Amino acid sequence: MLSTARITWLAIGFFSLALGGAGILLPLLPTTPFVLVAAVAFAKSSDRLHQWLLAHNLFGPLIANWRRNGAISRPTKVASVLSMIAILVVSLLLAVPTLVIVVQALVLGACAVFVLSRPVPPDH
């Protein structure tokens with residue numbers, strides 16, 4: 001029987017992987033952070049799912065770059081920052097309350113600084 005903790009980690013893993021997969025098609029949803037969360041969650045809940053994710057053709061390299069070098073590829077950086085900018089632009093166009101835009105700008109700005117401060121993998 002599965003423990004509550006294992007079920008919780010599995011749920012987090014599947015939810016994060018679903019969001020990461022959706023991020024491939026939806027420009028405003030980042031893929032890499034969700035895939036990294038899924039990798040951690042699966043490592044804590046299912047060795048089989050964790051190994052599958054590490055060996056995956058699309059998601060595996062994202063995880064490997066992060067593990068080896070704490071690195072984010074240049075195309076991923078560009079997509080991430082452009083997505084963050086797009087979110088702010090959409091919020092402005094929709095006349096979202098100023099407080100929400102300020103909070104978005106602060107959070108997304110911090111995220112952009114983090115993403116841009118990570119090294120590019122050596123093979124890029």
# chains A, B, ... in the order shown; residues from 1 in each chain; ligands from 1
$ residues_around --residues "Trp9 (chain A)" --least-positions-apart "6" --cutoff "12 Å" --atoms "only C-alpha atoms" --output "list of chain:residue names"
A:Leu2, A:Ser3, A:Phe15, A:Ser16, A:Leu17, A:Val37, A:Ala38, A:Ala39, A:Val40, A:Ala41, A:Phe42, A:Ala43, A:Lys44, A:Ser45, A:Ser46, A:Asp47, A:Leu49, A:His50
$ residues_around --residues "Leu36 (chain A)" --least-positions-apart "3" --cutoff "12 Å" --atoms "only C-alpha atoms" --output "ChimeraX atom specification"
/A:12-14,16-17,19-21,30-33,39-43,50,53-54,59-67,70,72
$ closest_residue --among "A:Val89, A:Leu58, A:Cys111, A:Ala95" --to "Lys77 (chain A)" --atoms "only C-alpha atoms"
A:Cys111
$ atom_distance --atom1 "CA of Leu25 (chain A)" --atom2 "CA of Phe114 (chain A)"
23.2 Å
$ residues_around --residues "Leu116 (chain A)" --least-positions-apart "2" --cutoff "12 Å" --atoms "only C-alpha atoms" --output "list of chain:residue names"
A:Gly70, A:Ala71, A:Ile72, A:Ser73, A:Arg74, A:Pro75, A:Thr76, A:Lys77, A:Val78, A:Ala79, A:Ser80, A:Val81, A:Leu82, A:Leu108, A:Gly109, A:Ala110, A:Cys111, A:Ala112, A:Val113, A:Phe114, A:Arg118, A:Pro119, A:Val120
$ write_last_selection --atoms "C-alpha atoms" --output "JSON list (two decimals), in the first residue's frame"
[["chain", "number", "residue", "atom", "x", "y", "z"],
["A", 70, "GLY", "CA", 23.10, 24.24, -12.87],
["A", 71, "ALA", "CA", 22.68, 25.40, -16.46],
["A", 72, "ILE", "CA", 19.81, 26.54, -18.65],
["A", 73, "SER", "CA", 20.21, 26.50, -22.43],
["A", 74, "ARG", "CA", 20.14, 29.76, -24.34],
["A", 75, "PRO", "CA", 16.89, 28.93, -26.22],
["A", 76, "THR", "CA", 15.21, 28.06, -22.92],
["A", 77, "LYS", "CA", 16.40, 31.33, -21.38],
["A", 78, "VAL", "CA", 15.05, 33.32, -24.32],
["A", 79, "ALA", "CA", 11.70, 31.51, -24.25],
["A", 80, "SER", "CA", 11.41, 31.98, -20.49],
["A", 81, "VAL", "CA", 12.12, 35.70, -20.51],
["A", 82, "LEU", "CA", 9.89, 36.32, -23.52],
["A", 108, "LEU", "CA", 8.76, 37.76, -12.79],
["A", 109, "GLY", "CA", 11.69, 40.17, -12.59],
["A", 110, "ALA", "CA", 13.27, 38.03, -9.87],
["A", 111, "CYS", "CA", 12.62, 34.90, -11.93],
["A", 112, "ALA", "CA", 14.17, 36.52, -15.01],
["A", 113, "VAL", "CA", 17.27, 37.51, -13.03],
["A", 114, "PHE", "CA", 17.59, 33.93, -11.78],
["A", 118, "ARG", "CA", 22.39, 30.60, -14.72],
["A", 119, "PRO", "CA", 25.23, 29.45, -16.96],
["A", 120, "VAL", "CA", 24.68, 28.12, -20.46]]
$ select_by_dssp --residues "chain A" --states "alpha helix (DSSP H)" --output "PyMOL selection string"
chain A and resi 4-25+32-45+47-55+59-69+74-93+98-117
